[in-house]
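This report refers to the structure that appears directly beneath it.
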Amino acid sequence: MTGVVSLLPEGQHGLLLSPVSGAEPHRGAEDLARYLAAGGYAPLTPRDRLLERIATLGLRGRGGAGFPAAVKLRTVRDAPGRPVVVANGEEGEPGSVKDRWLLRHRPHLILDGLRLAAAMTGAARGFVYLSDIPAEQAVRRALAERPADLPVEVVRTEHAYVAGEETAVVRCVDGGPALPTAKPPRPFEAGVGGAPTLVANAETLARIAALHACPDTAAAVAGAHLVTVSGPAGSASALIEVPAGTHLKVLADLGGHGRAEAVLLGGLFGGLYGTGWTDLPLEHDRLTAAGGALGCGALHFLHPWDCPVAVATEAVAYLSAQSARQCGVCVSGTGALARTLTAAARGGAAHDTTDKLRRWSRQLPGRGACGLLDAAARVVATLLAHFPDLVDAHRGAACPACAEPAPEDGRRFTVPVP
Amino acid sequence: MRLLLDSTRCQGYGLCQEAAPELVDLDEWGYAQVRAADVPPGSAAAAEAAVAACPNCALRLVK
């Protein structure tokens, strides 16, 4: 079961609570009447200076990289050609539910954000890209009833870890397979049909719509985060909206993970964090400065009976299975990491296993067409950095938490959409 | 001038490394790794040779 909780101060509705129906999270999809009553689809005038405000407020993209939203909008606006805007709702991280929840429950918020992004960039066409069927149904219903403005098409893909990567999005919208391509060019230079393309995460667009509708709380809206908190099998998970800078300890306590000894950050992208995780703040730059990464805001807590080696092995085994098998270095690199960790977890580490893992974790980042190989390397690098003796301690020993073979389907990290 | 590798095209032939050992390394699986994307002025000819050597057109030069 996954709970839905807002930790925003009273009076701030954020993205999870309905400004109309009050302090309860949305059930079912918000319809047009309720969305309009909350100030949605308000006309955009030059006096709103929306793009300038997004820049001043420092809104960051919520897909994982945390790139400044205003920079991306301006780059697409200023590129030669008529731009295209895409709402990216394909949430590849198994431990994240926020984008699918928003699409299912607040589709108008995302369509409104897409409309505003189109107006700011001068785009004449929009797409909503997703794989979740309930989300698709909600978006199609919302499209049918919304005030006609921007022509928007829905593109459904098959769910896969790499399917939400921006070049995979462009390729799939263009009728190809949802597989990443080498960069450059990036979509903002040459995307859908060769046009400059804004691929924006669903939460990012929702925040743009929310800060346009409620200028009074715009700073809080731009700084807040949707996070998905989970723990070991059997523990509850939660989708939580939190103000900027909230400490991880607050979220762990709320989710029943107060005794956690480590956390896997950013879905599978931010790596493991051991001692000191309680002081980490939920904010891109501060988390990065502390050696972590916020990614898509998914946090998986490790309880005292969890073994970081088992968690890392399962993460890398999943990533290896999810490799698009386009880049030889990714097939070989994730395969080597997964096989070596699997052997080590089950007591079969050799004297040079740690050295090998360390070497690969330094050699592999940045070498694939997408970030999957980087994620696998980071899981291993952070395992060795935060738990330096743990892989060696498994040599010849039977670790109860590592007794089962690591499944490749990511089940440990998968959170059901509330 | 930047030497860029499309890792989806690299099949590990290793011919680029023979052509420009100062610009390209091969990893333990045989795949190319460009040492630094920015090509030093003195290595422009080697970079062009590496690009020309790849049977799968995995390398390109961007000026």
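Following the order of the structure tokens, chains are lettered A, B, ..., residues in each are numbered from 1, and ligands are numbered from 1.
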
Considering only C-alpha atoms, extract the chain A residues located within 10 Å of chain B and return them as a PyMOL selection string.
-> chain A and resi 180-184+324-330+332-333+360+363-364+367-370

Let me see the file: selected residues, C-alpha atoms, as a CSV table (one decimal), in the first residue's frame.
```csv
chain,number,residue,atom,x,y,z
A,180,PRO,CA,18.2,6.4,-26.5
A,181,THR,CA,20.4,7.9,-29.2
A,182,ALA,CA,23.9,9.3,-29.0
A,183,LYS,CA,24.2,13.0,-28.1
A,184,PRO,CA,24.6,15.6,-29.6
A,324,ALA,CA,18.7,-1.5,-24.1
A,325,ARG,CA,21.6,-3.6,-25.4
A,326,GLN,CA,22.6,-0.9,-27.9
A,327,CYS,CA,26.0,0.0,-26.4
A,328,GLY,CA,28.5,-2.8,-26.1
A,329,VAL,CA,30.1,-1.0,-23.2
A,330,CYS,CA,26.8,-1.1,-21.3
A,332,SER,CA,29.6,-5.7,-21.0
A,333,GLY,CA,29.9,-3.2,-18.1
A,360,TRP,CA,34.8,-0.4,-13.3
A,363,GLN,CA,35.9,3.7,-15.8
A,364,LEU,CA,32.2,3.2,-17.0
A,367,ARG,CA,30.2,6.0,-21.7
A,368,GLY,CA,26.7,4.8,-22.7
A,369,ALA,CA,24.2,6.7,-24.9
A,370,CYS,CA,22.0,7.1,-21.8
```

Enumerate, as a ChimeraX atom specification, the complete set of residues in chain B that a backbone-based DSSP assignment places in strand (DSSP E).
-> /B:2-5,24-26,32-34,59-62

Give me, please, the distance in Å between atom CA of B:Asn56 and atom CA of A:Gly193, quoted to one decimal.
-> 25.0 Å

Neighbours of A:Arg74 within 10 Å (only C-alpha atoms; same-chain residues fewer than 6 positions away dropped), as a PyMOL selection string?
-> chain A and resi 51-52+55+120-121+188+198

Just asking: which residues within stretch 359-397 of chain A are alpha helix (DSSP H) according to DSSP, as a PyMOL selection string?
-> chain A and resi 359-363+372-386+390-393

Extract, using only C-alpha atoms, all DNA, RNA and protein residues at most 8 Å from B:Arg35, discarding same-chain residues fewer than 2 positions from it, and format them as number ranges by chain.
-> B: 23-25, 33, 37

I want to know what sits within 12 Å of A:Trp305, based on only C-alpha atoms, with residues of the same chain fewer than 6 positions away left out; could you give that as a compact mmCIF listing (two decimals) with C-alpha atoms, in the first residue's frame?
```txt
# COMPACT_ATOMS: atom_id res chain seq x y z
CA GLY A 231 11.57 0.41 2.37
CA PRO A 232 11.99 -3.36 2.63
CA ALA A 233 9.26 -5.74 1.49
CA ARG A 259 15.80 3.02 12.19
CA ALA A 260 17.14 2.81 8.64
CA GLU A 261 20.92 2.52 8.38
CA ALA A 262 21.24 3.58 4.77
CA VAL A 311 20.51 -4.11 -2.35
CA CYS A 399 25.22 -13.42 4.73
CA PRO A 400 21.56 -14.24 5.49
CA ALA A 401 20.33 -11.14 3.60
CA CYS A 402 22.26 -12.21 0.50
```

Write out as number ranges by chain each polymer residue whose atoms come within 8 Å of A:Pro83, counting only C-alpha atoms; drop sequence neighbours fewer than 3 positions from it.
-> A: 76-77, 79, 121-125, 195-198

Since we have the selection now, will you write its residues out, keeping N, CA and C atoms, as a PDB file, in the first residue's frame?
```pdb
ATOM      1  N   VAL A  76      14.970  26.263 -26.098  1.00  0.00           N
ATOM      2  CA  VAL A  76      14.037  25.764 -27.118  1.00  0.00           C
ATOM      3  C   VAL A  76      13.381  26.940 -27.842  1.00  0.00           C
ATOM      4  N   ARG A  77      12.994  27.964 -27.083  1.00  0.00           N
ATOM      5  CA  ARG A  77      12.347  29.141 -27.685  1.00  0.00           C
ATOM      6  C   ARG A  77      13.264  29.797 -28.721  1.00  0.00           C
ATOM      7  N   ALA A  79      15.863  28.497 -30.374  1.00  0.00           N
ATOM      8  CA  ALA A  79      16.450  27.664 -31.439  1.00  0.00           C
ATOM      9  C   ALA A  79      15.713  27.931 -32.755  1.00  0.00           C
ATOM     10  N   THR A 121       7.482  28.926 -25.349  1.00  0.00           N
ATOM     11  CA  THR A 121       8.509  28.573 -26.337  1.00  0.00           C
ATOM     12  C   THR A 121       8.057  28.871 -27.765  1.00  0.00           C
ATOM     13  N   GLY A 122       6.770  29.142 -27.963  1.00  0.00           N
ATOM     14  CA  GLY A 122       6.249  29.365 -29.314  1.00  0.00           C
ATOM     15  C   GLY A 122       5.933  28.071 -30.036  1.00  0.00           C
ATOM     16  N   ALA A 123       5.726  26.986 -29.292  1.00  0.00           N
ATOM     17  CA  ALA A 123       5.447  25.688 -29.927  1.00  0.00           C
ATOM     18  C   ALA A 123       4.017  25.644 -30.448  1.00  0.00           C
ATOM     19  N   ALA A 124       3.830  24.933 -31.553  1.00  0.00           N
ATOM     20  CA  ALA A 124       2.504  24.823 -32.150  1.00  0.00           C
ATOM     21  C   ALA A 124       1.901  23.440 -31.915  1.00  0.00           C
ATOM     22  N   ARG A 125       2.705  22.504 -31.401  1.00  0.00           N
ATOM     23  CA  ARG A 125       2.232  21.137 -31.202  1.00  0.00           C
ATOM     24  C   ARG A 125       2.741  20.606 -29.873  1.00  0.00           C
ATOM     25  N   ALA A 195      12.576  19.247 -35.168  1.00  0.00           N
ATOM     26  CA  ALA A 195      12.302  20.565 -34.576  1.00  0.00           C
ATOM     27  C   ALA A 195      12.908  20.661 -33.177  1.00  0.00           C
ATOM     28  N   PRO A 196      13.252  21.888 -32.745  1.00  0.00           N
ATOM     29  CA  PRO A 196      13.700  22.041 -31.349  1.00  0.00           C
ATOM     30  C   PRO A 196      12.573  21.588 -30.422  1.00  0.00           C
ATOM     31  N   THR A 197      12.899  20.717 -29.475  1.00  0.00           N
ATOM     32  CA  THR A 197      11.861  20.052 -28.688  1.00  0.00           C
ATOM     33  C   THR A 197      12.129  20.160 -27.200  1.00  0.00           C
ATOM     34  N   LEU A 198      11.106  20.609 -26.476  1.00  0.00           N
ATOM     35  CA  LEU A 198      11.173  20.619 -25.022  1.00  0.00           C
ATOM     36  C   LEU A 198      10.593  19.301 -24.522  1.00  0.00           C
TER      37      LEU A 198
END
```

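Residue nearest A:Leu265, chosen from A:Glu145, A:Glu93, A:Glu404, A:Asp389 and counting only C-alpha atoms: A:Glu93.
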
Choose the residue, out of B:Met1, B:Ala46, B:Pro40, B:Cys16, that has the smallest atom-to-atom separation from B:Leu59; count only C-alpha atoms.
->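 Checking each candidate against B:Leu59, we get B:Cys16 as the closest.
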